[in-house]
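Shown next: input-v8.csv, containing CSV, C-alpha atoms.
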```
chain,number,residue,atom,x,y,z
A,333,MET,CA,27.3,12.6,-26.9
A,334,ALA,CA,26.1,11.0,-30.2
A,335,ASP,CA,29.3,8.9,-30.4
A,336,ASP,CA,28.8,7.8,-26.8
A,337,ILE,CA,25.3,6.8,-27.5
A,338,ALA,CA,26.2,4.9,-30.6
A,339,HIS,CA,29.0,3.1,-28.8
A,340,HIS,CA,26.8,2.0,-25.9
A,341,ALA,CA,23.9,1.1,-28.3
A,342,ALA,CA,26.3,-1.3,-30.1
A,343,LEU,CA,27.4,-2.8,-26.8
A,344,ASP,CA,23.7,-3.2,-25.8
A,345,ALA,CA,23.0,-5.1,-29.0
A,346,ARG,CA,26.0,-7.4,-28.3
A,347,MET,CA,24.6,-8.0,-24.8
A,348,VAL,CA,21.2,-9.0,-26.1
A,349,ALA,CA,22.9,-11.6,-28.4
A,350,ALA,CA,25.2,-12.9,-25.5
A,351,ALA,CA,22.3,-13.2,-23.0
A,352,ARG,CA,19.7,-14.7,-25.4
A,353,GLY,CA,20.3,-18.3,-24.3
A,354,ILE,CA,20.4,-17.5,-20.5
A,355,ARG,CA,16.8,-18.4,-20.0
A,356,LEU,CA,16.9,-18.7,-16.2
A,357,LEU,CA,13.3,-19.7,-15.3
A,358,SER,CA,12.7,-22.2,-18.1
A,359,LEU,CA,16.1,-23.9,-17.8
A,360,ALA,CA,15.6,-24.3,-14.0
A,361,SER,CA,12.0,-25.5,-14.1
A,362,TRP,CA,10.9,-29.1,-13.6
A,363,SER,CA,9.3,-31.5,-15.9
A,364,PRO,CA,5.5,-32.0,-15.4
A,365,ALA,CA,6.3,-35.7,-14.9
A,366,VAL,CA,8.0,-34.8,-11.6
A,367,GLN,CA,4.8,-33.4,-10.3
A,368,GLN,CA,2.7,-36.3,-11.5
A,369,ARG,CA,5.0,-38.9,-9.8
A,370,PHE,CA,5.0,-36.9,-6.5
A,371,LEU,CA,1.2,-36.4,-6.5
A,372,THR,CA,0.6,-40.1,-7.3
A,373,ALA,CA,2.8,-41.2,-4.4
A,374,PHE,CA,1.2,-38.6,-2.1
A,375,ALA,CA,-2.3,-39.8,-2.9
A,376,GLN,CA,-1.1,-43.3,-1.9
A,377,GLY,CA,0.1,-42.0,1.5
A,378,ARG,CA,3.8,-42.0,0.5
A,379,ARG,CA,5.9,-38.8,1.1
A,380,VAL,CA,9.0,-38.9,-1.0
A,381,LEU,CA,11.4,-36.2,-2.2
A,382,PRO,CA,11.0,-35.5,-5.9
A,383,GLU,CA,13.8,-36.7,-8.2
A,384,VAL,CA,14.8,-33.8,-10.4
A,385,SER,CA,17.5,-33.8,-13.1
A,386,TYR,CA,18.9,-30.7,-14.8
A,387,PRO,CA,20.9,-30.3,-18.0
A,388,ALA,CA,24.6,-29.7,-17.9
A,389,LEU,CA,25.1,-26.1,-19.1
A,390,ASP,CA,28.1,-24.2,-20.1
A,391,PHE,CA,27.9,-20.4,-20.7
A,392,THR,CA,31.7,-19.8,-20.9
A,393,ASP,CA,31.5,-18.0,-24.2
A,394,ALA,CA,28.5,-15.9,-23.2
A,395,ARG,CA,30.2,-14.9,-19.9
A,396,ARG,CA,33.4,-14.0,-21.8
A,397,GLU,CA,31.4,-11.8,-24.2
A,398,LEU,CA,29.6,-10.2,-21.2
A,399,ALA,CA,32.9,-9.4,-19.6
A,400,ALA,CA,34.2,-7.8,-22.8
A,401,ILE,CA,31.0,-5.6,-23.0
A,402,ALA,CA,31.4,-4.5,-19.4
A,403,ALA,CA,35.1,-3.6,-20.0
A,404,ALA,CA,34.1,-1.4,-23.0
A,405,ALA,CA,31.3,0.4,-21.2
A,406,ASP,CA,31.8,3.8,-19.6
A,407,PRO,CA,30.6,3.7,-15.9
A,408,ALA,CA,30.3,7.5,-15.9
A,409,HIS,CA,27.7,7.4,-18.7
A,410,PRO,CA,24.0,6.5,-17.9
A,411,LEU,CA,24.0,3.9,-20.6
A,412,GLY,CA,27.4,2.5,-19.6
A,413,ALA,CA,26.3,2.2,-15.9
A,414,TYR,CA,23.2,0.4,-17.1
A,415,LEU,CA,25.3,-2.0,-19.2
A,416,LEU,CA,27.6,-2.7,-16.3
A,417,ASP,CA,24.8,-3.6,-13.9
A,418,SER,CA,23.0,-5.7,-16.6
A,419,THR,CA,26.1,-7.7,-17.7
A,420,ARG,CA,26.9,-8.5,-14.0
A,421,ALA,CA,23.3,-9.8,-13.6
A,422,TRP,CA,23.4,-11.9,-16.7
A,423,ASN,CA,26.8,-13.3,-15.7
A,424,THR,CA,25.4,-14.3,-12.3
A,425,ALA,CA,22.3,-15.9,-14.0
A,426,ALA,CA,24.7,-17.8,-16.2
A,427,ARG,CA,26.7,-19.1,-13.3
A,428,LEU,CA,23.5,-20.1,-11.5
A,429,LEU,CA,22.4,-22.2,-14.5
A,430,GLU,CA,25.8,-23.8,-14.7
A,431,ALA,CA,25.4,-24.8,-11.0
A,432,LEU,CA,21.9,-26.2,-11.3
A,433,GLY,CA,21.2,-28.8,-8.6
A,434,THR,CA,24.1,-27.7,-6.4
A,435,PRO,CA,24.3,-25.6,-3.2
A,436,ALA,CA,25.9,-22.8,-5.2
A,437,VAL,CA,22.5,-22.0,-6.7
A,438,THR,CA,21.3,-20.5,-3.4
A,439,ALA,CA,24.2,-17.9,-3.3
A,440,HIS,CA,23.7,-16.9,-6.9
A,441,SER,CA,19.9,-16.6,-6.4
A,442,ILE,CA,20.4,-14.4,-3.4
A,443,ALA,CA,22.8,-12.2,-5.4
A,444,LEU,CA,20.1,-11.8,-8.0
A,445,TYR,CA,16.9,-11.6,-5.9
A,446,GLY,CA,18.0,-11.0,-2.3
A,447,ARG,CA,16.7,-12.7,0.9
A,448,PRO,CA,13.3,-12.3,2.5
A,449,ASP,CA,14.7,-11.7,6.0
A,450,VAL,CA,16.6,-8.5,5.4
A,451,PRO,CA,15.1,-5.0,5.8
A,452,VAL,CA,13.5,-3.3,2.9
A,453,PRO,CA,15.1,0.0,1.9
A,454,GLY,CA,14.1,2.8,4.2
A,455,SER,CA,12.6,0.6,6.9
A,456,ALA,CA,13.5,-1.7,9.7
A,457,ALA,CA,10.8,-4.1,8.5
A,458,THR,CA,11.7,-7.1,6.4
A,459,THR,CA,9.9,-8.7,3.5
A,460,CYS,CA,9.0,-11.5,5.9
A,461,ASP,CA,7.4,-8.9,8.2
A,462,ALA,CA,5.2,-7.8,5.3
A,463,ALA,CA,4.4,-11.4,4.5
A,464,ARG,CA,3.3,-12.2,8.0
A,465,HIS,CA,1.2,-9.0,8.1
A,466,PHE,CA,-0.9,-10.1,5.1
A,467,ILE,CA,-1.1,-13.7,6.2
A,468,ARG,CA,-2.5,-12.5,9.6
A,469,ILE,CA,-5.1,-10.4,7.8
A,470,ALA,CA,-6.1,-13.2,5.5
A,471,ASP,CA,-6.4,-15.7,8.3
A,472,ALA,CA,-8.6,-13.2,10.4
A,473,LEU,CA,-11.2,-12.8,7.6
A,474,ASP,CA,-14.2,-14.9,6.9
A,475,PRO,CA,-13.2,-18.1,4.9
A,476,GLY,CA,-16.4,-17.5,2.9
A,477,LEU,CA,-14.6,-14.8,1.1
A,478,LEU,CA,-12.6,-17.4,-0.8
A,479,VAL,CA,-13.9,-17.7,-4.3
A,480,GLU,CA,-14.1,-21.1,-6.0
A,481,ALA,CA,-11.9,-21.7,-9.0
A,482,ASP,CA,-14.7,-22.9,-11.3
A,483,ILE,CA,-13.6,-21.4,-14.7
A,484,ASP,CA,-11.8,-23.7,-17.1
A,485,ALA,CA,-8.8,-22.5,-19.1
A,486,PRO,CA,-10.5,-22.4,-22.6
A,487,THR,CA,-13.2,-20.1,-21.1
A,488,LEU,CA,-10.7,-17.8,-19.6
A,489,GLN,CA,-8.6,-17.9,-22.7
A,490,ALA,CA,-11.5,-16.6,-24.8
A,491,ALA,CA,-12.3,-13.8,-22.3
A,492,LEU,CA,-8.7,-12.6,-22.0
A,493,GLN,CA,-8.2,-12.7,-25.8
A,494,ASP,CA,-11.2,-10.4,-26.2
A,495,ASP,CA,-9.7,-8.0,-23.6
A,496,LEU,CA,-6.3,-8.0,-25.2
A,497,ASP,CA,-7.6,-7.6,-28.7
A,498,ARG,CA,-9.6,-4.5,-27.7
A,499,PHE,CA,-6.5,-2.9,-26.0
A,500,PHE,CA,-3.5,-3.9,-28.2
A,501,GLY,CA,-5.2,-4.7,-31.4
A,502,GLU,CA,-6.2,-8.0,-32.8
A,503,ARG,CA,-3.8,-10.8,-31.9
A,504,VAL,CA,-0.9,-8.5,-31.0
A,505,VAL,CA,-0.8,-10.6,-27.8
A,506,ALA,CA,-2.2,-14.1,-28.2
A,507,VAL,CA,-3.6,-16.1,-25.3
A,508,GLU,CA,-2.5,-19.7,-25.6
A,509,LEU,CA,-3.0,-22.9,-23.6
A,510,ASP,CA,0.0,-24.9,-22.5
A,511,ALA,CA,-0.3,-28.4,-21.2
A,512,ASP,CA,3.3,-28.5,-19.9
A,513,MET,CA,3.2,-25.5,-17.6
A,514,ILE,CA,3.4,-25.9,-13.8
A,515,ALA,CA,2.6,-22.2,-13.2
A,516,LYS,CA,-1.0,-21.1,-13.9
A,517,ALA,CA,0.1,-18.3,-16.2
A,518,ALA,CA,3.1,-16.6,-17.8
A,519,ALA,CA,3.5,-13.7,-20.3
A,520,GLY,CA,5.9,-12.6,-22.9
A,521,ALA,CA,5.7,-9.8,-25.5
A,522,PHE,CA,3.4,-11.6,-27.9
A,523,ARG,CA,1.7,-14.3,-25.9
A,524,LEU,CA,0.1,-15.0,-22.6
A,525,ARG,CA,0.1,-18.7,-21.7
A,526,LEU,CA,-2.4,-20.4,-19.4
A,527,ARG,CA,-2.0,-23.9,-18.0
A,528,ALA,CA,-4.4,-26.0,-20.0
A,529,ASP,CA,-5.7,-28.1,-17.1
A,530,ALA,CA,-5.9,-25.4,-14.5
A,531,ARG,CA,-9.1,-24.0,-13.0
A,532,TYR,CA,-9.5,-20.2,-12.5
A,533,SER,CA,-11.6,-18.0,-10.3
A,534,ILE,CA,-13.6,-14.9,-11.3
A,535,HIS,CA,-10.7,-12.8,-9.9
A,536,ASP,CA,-8.1,-14.3,-12.2
A,537,ARG,CA,-9.3,-12.5,-15.3
A,538,GLY,CA,-8.7,-9.1,-13.9
A,539,GLN,CA,-5.5,-10.1,-12.1
A,540,LEU,CA,-4.0,-11.7,-15.2
A,541,LEU,CA,-5.0,-8.8,-17.4
A,542,GLN,CA,-3.4,-6.2,-15.1
A,543,HIS,CA,-0.4,-8.2,-13.9
A,544,GLU,CA,0.6,-10.3,-16.9
A,545,ALA,CA,-0.7,-8.3,-19.9
A,546,PHE,CA,-0.6,-4.7,-18.8
A,547,VAL,CA,2.8,-5.0,-17.1
A,548,HIS,CA,4.8,-7.9,-18.4
A,549,SER,CA,3.6,-8.0,-22.0
A,550,LEU,CA,3.2,-4.3,-22.2
A,551,THR,CA,6.7,-3.5,-21.0
A,552,ALA,CA,8.2,-6.1,-23.3
A,553,LEU,CA,6.3,-4.6,-26.3
A,554,ASN,CA,7.5,-1.1,-25.4
A,555,GLY,CA,11.0,-2.4,-25.0
A,556,ARG,CA,11.0,-4.0,-28.4
A,557,ALA,CA,10.1,-0.5,-29.9
A,558,GLN,CA,13.2,1.1,-28.3
A,559,PRO,CA,15.5,2.4,-31.1
A,560,GLN,CA,18.8,2.3,-29.1
A,561,LEU,CA,18.4,-0.3,-26.3
A,562,PRO,CA,16.9,-3.6,-27.5
A,563,SER,CA,17.8,-5.0,-24.1
A,564,LEU,CA,14.8,-3.1,-22.6
A,565,ALA,CA,12.6,-5.8,-24.0
A,566,MET,CA,14.4,-8.6,-22.1
A,567,ALA,CA,13.3,-10.0,-18.8
A,568,SER,CA,16.7,-9.6,-17.1
A,569,PRO,CA,16.9,-11.0,-13.5
A,570,ARG,CA,17.9,-7.5,-12.3
A,571,THR,CA,14.6,-6.0,-13.3
A,572,THR,CA,12.5,-8.8,-11.7
A,573,CYS,CA,11.9,-7.0,-8.4
A,574,THR,CA,10.6,-3.8,-10.1
A,575,GLN,CA,8.6,-5.7,-12.7
A,576,GLU,CA,6.8,-7.9,-10.2
A,577,GLY,CA,6.3,-5.1,-7.7
A,578,LEU,CA,4.8,-3.0,-10.5
A,579,ALA,CA,2.6,-5.9,-11.5
A,580,VAL,CA,1.3,-6.5,-8.0
A,581,LEU,CA,0.8,-2.7,-7.6
A,582,ALA,CA,-1.3,-2.8,-10.8
A,583,GLU,CA,-3.5,-5.4,-9.3
A,584,GLN,CA,-3.9,-3.5,-6.1
A,585,ILE,CA,-4.5,-0.1,-7.5
A,586,THR,CA,-7.2,-1.3,-10.0
A,587,GLY,CA,-9.0,-3.3,-7.2
A,588,GLN,CA,-8.3,-6.6,-8.9
A,589,ILE,CA,-6.4,-8.3,-6.2
A,590,ASP,CA,-8.1,-10.2,-3.3
A,591,ILE,CA,-6.7,-11.0,0.1
A,592,HIS,CA,-6.2,-14.6,-0.7
A,593,ARG,CA,-4.0,-13.7,-3.6
A,594,MET,CA,-1.9,-11.6,-1.2
A,595,LYS,CA,-1.8,-14.6,1.1
A,596,ARG,CA,-0.5,-16.8,-1.7
A,597,ILE,CA,2.3,-14.3,-2.5
A,598,SER,CA,3.1,-13.9,1.2
A,599,LEU,CA,3.2,-17.7,1.8
A,600,ARG,CA,5.9,-18.0,-0.9
A,601,THR,CA,8.0,-15.4,0.9
A,602,GLU,CA,7.5,-17.3,4.2
A,603,ALA,CA,8.4,-20.6,2.5
A,604,ILE,CA,11.6,-19.3,1.1
A,605,ALA,CA,12.6,-18.1,4.6
A,606,HIS,CA,11.8,-21.6,6.0
A,607,ALA,CA,13.8,-23.3,3.3
A,608,LEU,CA,16.8,-21.0,3.9
A,609,ASP,CA,16.5,-21.8,7.6
A,610,GLY,CA,16.7,-25.5,7.0
A,611,ALA,CA,13.3,-26.8,5.8
A,612,ASP,CA,13.4,-29.4,3.0
A,613,PHE,CA,11.0,-29.8,0.1
A,614,LEU,CA,8.5,-31.9,2.0
A,615,GLU,CA,8.4,-29.4,4.9
A,616,VAL,CA,7.9,-26.5,2.5
A,617,PHE,CA,5.2,-28.5,0.8
A,618,ASP,CA,3.5,-28.8,4.2
A,619,VAL,CA,3.6,-25.0,4.7
A,620,PHE,CA,1.4,-24.6,1.7
A,621,HIS,CA,-0.8,-27.6,2.3
A,622,HIS,CA,-1.5,-26.7,5.9
A,623,ALA,CA,-2.4,-23.2,4.7
A,624,GLY,CA,-5.3,-24.7,2.7
A,625,GLN,CA,-3.8,-25.2,-0.8
A,626,THR,CA,-4.6,-28.4,-2.6
A,627,ALA,CA,-1.8,-31.0,-3.0
A,628,ALA,CA,-1.2,-29.9,-6.6
A,629,GLU,CA,-1.1,-26.3,-5.7
A,630,SER,CA,1.2,-27.0,-2.8
A,631,PHE,CA,3.6,-28.9,-5.0
A,632,ALA,CA,3.6,-26.1,-7.6
A,633,SER,CA,4.3,-23.5,-4.8
A,634,ALA,CA,7.1,-25.6,-3.3
A,635,GLN,CA,8.6,-26.2,-6.7
A,636,ARG,CA,8.9,-22.5,-7.1
A,637,VAL,CA,11.0,-22.3,-3.9
A,638,PHE,CA,13.4,-25.1,-5.0
A,639,ARG,CA,13.8,-24.5,-8.7
A,640,GLY,CA,17.4,-25.4,-9.5
A,641,ALA,CA,18.3,-25.8,-5.8
A,642,PRO,CA,19.0,-29.0,-3.7
A,643,LEU,CA,15.8,-30.3,-2.1
A,644,GLY,CA,17.4,-30.6,1.4
A,645,GLY,CA,17.3,-27.9,4.0
A,646,GLY,CA,19.2,-24.7,3.7
A,647,HIS,CA,18.8,-24.0,0.0
A,648,ALA,CA,16.3,-22.1,-2.1
A,649,PHE,CA,15.6,-20.2,-5.3
A,650,THR,CA,14.7,-16.8,-3.8
A,651,LYS,CA,12.9,-15.1,-6.7
A,652,ASP,CA,9.4,-15.2,-5.2
A,653,ALA,CA,10.6,-13.0,-2.3
A,654,VAL,CA,10.7,-10.0,-4.7
A,655,TYR,CA,7.0,-9.7,-5.1
A,656,LEU,CA,6.3,-8.0,-1.7
A,657,ARG,CA,9.6,-6.2,-1.6
A,658,GLY,CA,9.0,-4.9,-5.1
A,659,LEU,CA,5.5,-3.9,-4.2
A,660,ILE,CA,6.8,-1.8,-1.3
A,661,GLU,CA,9.6,-0.2,-3.3
A,662,VAL,CA,7.4,0.6,-6.4
A,663,HIS,CA,4.6,1.9,-4.1
A,664,THR,CA,7.1,4.2,-2.4
A,665,PHE,CA,8.5,5.3,-5.8
A,666,PHE,CA,4.9,6.2,-7.0
A,667,ARG,CA,4.0,8.0,-3.8
A,668,GLN,CA,7.2,10.1,-3.9
A,669,SER,CA,7.0,10.8,-7.6
A,670,LEU,CA,3.4,12.1,-7.1
A,671,ALA,CA,4.4,14.2,-4.1
A,672,GLN,CA,7.2,15.7,-6.2
A,673,ARG,CA,4.8,16.3,-9.1
A,674,ALA,CA,6.9,14.0,-11.2
A,675,LEU,CA,4.2,11.8,-12.8
A,676,PRO,CA,6.2,11.4,-16.1
A,677,ARG,CA,8.8,9.4,-14.1
A,678,CYS,CA,6.1,6.9,-13.4
A,679,ARG,CA,5.0,6.6,-17.0
A,680,ARG,CA,8.7,6.2,-18.1
A,681,LEU,CA,8.8,3.0,-16.0
A,682,PHE,CA,6.7,1.3,-18.7
A,683,ALA,CA,9.0,2.2,-21.6
A,684,GLY,CA,10.7,-1.2,-21.2
A,685,LYS,CA,11.9,-3.6,-18.6
A,686,MET,CA,14.0,-1.6,-16.2
A,687,THR,CA,14.6,-1.0,-12.5
A,688,LEU,CA,13.6,2.1,-10.5
A,689,GLU,CA,17.2,3.2,-10.5
A,690,ASP,CA,17.3,2.9,-14.3
A,691,VAL,CA,14.3,5.2,-14.7
A,692,GLN,CA,16.1,7.9,-12.7
A,693,ARG,CA,19.5,7.4,-14.3
A,694,PHE,CA,17.9,7.5,-17.8
A,695,ALA,CA,16.2,10.9,-17.3
A,696,PRO,CA,18.6,12.7,-19.6
A,697,MET,CA,18.3,9.9,-22.2
A,698,PHE,CA,14.5,10.3,-22.2
A,699,GLU,CA,14.9,14.1,-22.4
A,700,ALA,CA,17.2,13.7,-25.4
A,701,GLY,CA,15.0,11.2,-27.1
A,702,VAL,CA,17.5,8.4,-27.0
A,703,ILE,CA,15.0,6.3,-25.0
A,704,ALA,CA,11.5,6.6,-26.5
A,705,PRO,CA,8.5,7.2,-24.2
A,706,PRO,CA,6.2,4.1,-23.9
A,707,ARG,CA,3.8,3.5,-26.7
A,708,TRP,CA,1.5,1.6,-24.5
A,709,LEU,CA,0.4,2.6,-21.0
A,710,PRO,CA,-2.0,0.6,-18.7
A,711,PRO,CA,-5.4,2.3,-18.6
A,712,TRP,CA,-5.1,3.2,-14.9
A,713,LEU,CA,-1.9,5.1,-15.5
A,714,ALA,CA,-2.8,6.6,-18.8
A,715,HIS,CA,-5.6,8.5,-17.1
A,716,ALA,CA,-3.7,9.2,-13.8
A,717,GLY,CA,-3.3,12.9,-14.7
A,718,SER,CA,-7.0,13.6,-14.1
A,719,VAL,CA,-8.1,14.9,-10.7
A,720,ALA,CA,-10.0,11.6,-10.0
A,721,GLY,CA,-6.8,9.6,-10.8
A,722,MET,CA,-4.7,11.7,-8.6
A,723,LEU,CA,-7.2,11.4,-5.7
A,724,ALA,CA,-7.2,7.6,-6.2
A,725,PHE,CA,-3.4,7.5,-5.9
A,726,SER,CA,-3.5,9.7,-2.8
A,727,LEU,CA,-6.1,7.5,-1.2
A,728,PHE,CA,-4.2,4.4,-2.0
A,729,ALA,CA,-1.0,5.9,-0.5
A,730,ASN,CA,-2.6,7.1,2.7
A,731,ARG,CA,-4.4,3.9,3.5
A,732,ILE,CA,-1.8,1.3,2.5
A,733,ARG,CA,1.5,2.8,3.5
A,734,LEU,CA,3.2,-0.5,3.0
A,735,ASP,CA,6.6,1.0,3.4
A,736,ARG,CA,5.8,1.6,7.1
A,737,LEU,CA,5.0,-2.0,8.0
```

Can you present the structure in this file as structure tokens?
Amino acid sequence: MADDIAHHAALDARMVAAARGIRLLSLASWSPAVQQRFLTAFAQGRRVLPEVSYPALDFTDARRELAAIAAAADPAHPLGAYLLDSTRAWNTAARLLEALGTPAVTAHSIALYGRPDVPVPGSAATTCDAARHFIRIADALDPGLLVEADIDAPTLQAALQDDLDRFFGERVVAVELDADMIAKAAAGAFRLRLRADARYSIHDRGQLLQHEAFVHSLTALNGRAQPQLPSLAMASPRTTCTQEGLAVLAEQITGQIDIHRMKRISLRTEAIAHALDGADFLEVFDVFHHAGQTAAESFASAQRVFRGAPLGGGHAFTKDAVYLRGLIEVHTFFRQSLAQRALPRCRRLFAGKMTLEDVQRFAPMFEAGVIAPPRWLPPWLAHAGSVAGMLAFSLFANRIRLDRL
């Protein structure tokens, strides 16, 4: 067993090196200048498709190395099966980046993230059904519930830095302002970035703390502490569904999410479905704008749908469809784990960036100490063994039951 572990640990280190340059989201993102040109024209009453250029990328060497790693992995071993799944995902991500701006991006994206119009596991309902459910609820509620975004980025930066310093230790995770971001926030192991010119609401502090810091940063930090599998610190495309589902669940279970946040997530799912059905960038922009988002917000939302993909109808970058599907899957995983009195399985999910399947296939590796338990746990899960915590989980499961939508 020790030889098998050493063999696969060496393969894992090779995979980390091979995949290091396959930075899917950053390489597929648009320049802020594209947004500025579009919004200037829109303010003047002109509706024009954005002009986007992408770098010509070649990952032939990386893909060759990934294939060699896969060939050397033992599919019957838990670590080998993990490496096979991971190398396939990195290979698909590399092919997507090599195809930026072409129709092939859509197929590669669907291979990585799925489609929003297929049933979620264990149900006849689709992710689109869940999205429409939340949109209907949001539209039925009093518009007065919408909270104004009146907090500037430096103010939120200071508040979040204080929160993170108290939890992780001083400047373990630094909150930084980024003038070139289109998204309002993004997190890595050691930094949480905020868009410098964005405005935030009172809900954003708690949401970003739970979603970005206590899931994305926390799992990256725990992954970096793994002695055998450094890849557990990497944001692999194959872990995105579980990571984002876990992050939205964290917002839900701590009471930090609001219905308008759920509507924004749901609108992204709907927009991807529209794009795949033939809507172009301008029509997807209209989906968000008619739903009440500002022109700038609508552009940023539509840009997420078309990252890397042609702007005409029938194409999309489908990543944002994983938020609701991931929430449903992770919620079901937690509910079943608690029913089976298997709370440690939930805690292990934070030991690095992994899928729900990984957590279960890695059970013997956790038991043997090959994979270390998480150093950091979000506060809501660290105390979930108490009676009050268990009751909170049960109440959440009985009332929400997202898997039965």

**Request:** Would you list the residues near (21.4, -22.6, -21.4), meaning any protein, DNA or RNA residue with an atom at most 8 Å from that point in file coordinates, counting all atoms listed in the file, as a list in words?
**Result:** Gly353, Ile354, Arg355, Leu356, Leu359, Leu389, Asp390, Phe391, Ala426 and Leu429 of chain A

**Message:** Applying 9 Å and all atoms listed in the file, which residues near segment 560-574 of chain A remain after dropping the ones on its own chain fewer than 3 positions away? List them as JSON, numbers by chain.
**Reply:** {"A": [337, 338, 340, 341, 342, 344, 345, 347, 348, 351, 352, 356, 417, 418, 421, 422, 425, 444, 445, 520, 521, 548, 551, 552, 553, 554, 555, 556, 557, 577, 578, 579, 651, 653, 654, 655, 656, 657, 658, 659, 661, 662, 683, 684, 685, 686, 687, 688, 702, 703, 704]}

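Here atom CA of Ala490 of chain A is placed at a distance of 23.8 Å from atom CA of Glu629 of chain A.
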
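Our summary of the geometry notes that atom CA of Arg527 of chain A is positioned 5.5 Å from atom CA of Met513 of chain A.
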
**Message:** For a quick check of understanding, using only C-alpha atoms, which of A:Gln493, A:Ala515, A:Gly646, A:Gly433 has the smallest distance to Arg531 of chain A?
**Reply:**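 With only C-alpha atoms as the atom set, the closest residue is A:Ala515.
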
**Prompt:** From the list A:Asp612, A:Asp529, A:Asp336, A:Glu544, which residue is nearest Ala405 of chain A when using only C-alpha atoms?
**Reply:**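 Using only C-alpha atoms, Ala405 of chain A sits closest to A:Asp336.
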
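Atom to atom, atom CA of Cys460 of chain A and atom CA of Val616 of chain A stand 15.4 Å apart.
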
Shell around segment 364-376 of chain A at 10 Å using only C-alpha atoms, local window under 2 positions removed, as a JSON list (two decimals) with C-alpha atoms, in the coordinates of the input:
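Saved to result.json:
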```json
[["chain", "number", "residue", "atom", "x", "y", "z"],
["A", 361, "SER", "CA", 12.00, -25.50, -14.10],
["A", 362, "TRP", "CA", 10.90, -29.10, -13.60],
["A", 378, "ARG", "CA", 3.80, -42.00, 0.50],
["A", 379, "ARG", "CA", 5.90, -38.80, 1.10],
["A", 380, "VAL", "CA", 9.00, -38.90, -1.00],
["A", 381, "LEU", "CA", 11.40, -36.20, -2.20],
["A", 382, "PRO", "CA", 11.00, -35.50, -5.90],
["A", 383, "GLU", "CA", 13.80, -36.70, -8.20],
["A", 384, "VAL", "CA", 14.80, -33.80, -10.40],
["A", 385, "SER", "CA", 17.50, -33.80, -13.10],
["A", 511, "ALA", "CA", -0.30, -28.40, -21.20],
["A", 512, "ASP", "CA", 3.30, -28.50, -19.90],
["A", 513, "MET", "CA", 3.20, -25.50, -17.60],
["A", 514, "ILE", "CA", 3.40, -25.90, -13.80],
["A", 627, "ALA", "CA", -1.80, -31.00, -3.00],
["A", 628, "ALA", "CA", -1.20, -29.90, -6.60],
["A", 631, "PHE", "CA", 3.60, -28.90, -5.00],
["A", 632, "ALA", "CA", 3.60, -26.10, -7.60],
["A", 635, "GLN", "CA", 8.60, -26.20, -6.70]]
```

**Among listed residues A:Ala491, A:Met697, A:Ala403, A:Leu357, nearest Arg420 of chain A (using all atoms listed in the file)** =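 Ranked by minimum distance to Arg420 of chain A, first place goes to A:Ala403.
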
**Message:** Report as a PyMOL selection string all protein, DNA and RNA residues lying within 6 Å of segment 591-596 of chain A, evaluated on only C-alpha atoms, omitting residues in the same chain fewer than 3 positions from it.
**Reply:** chain A and resi 467+470+599
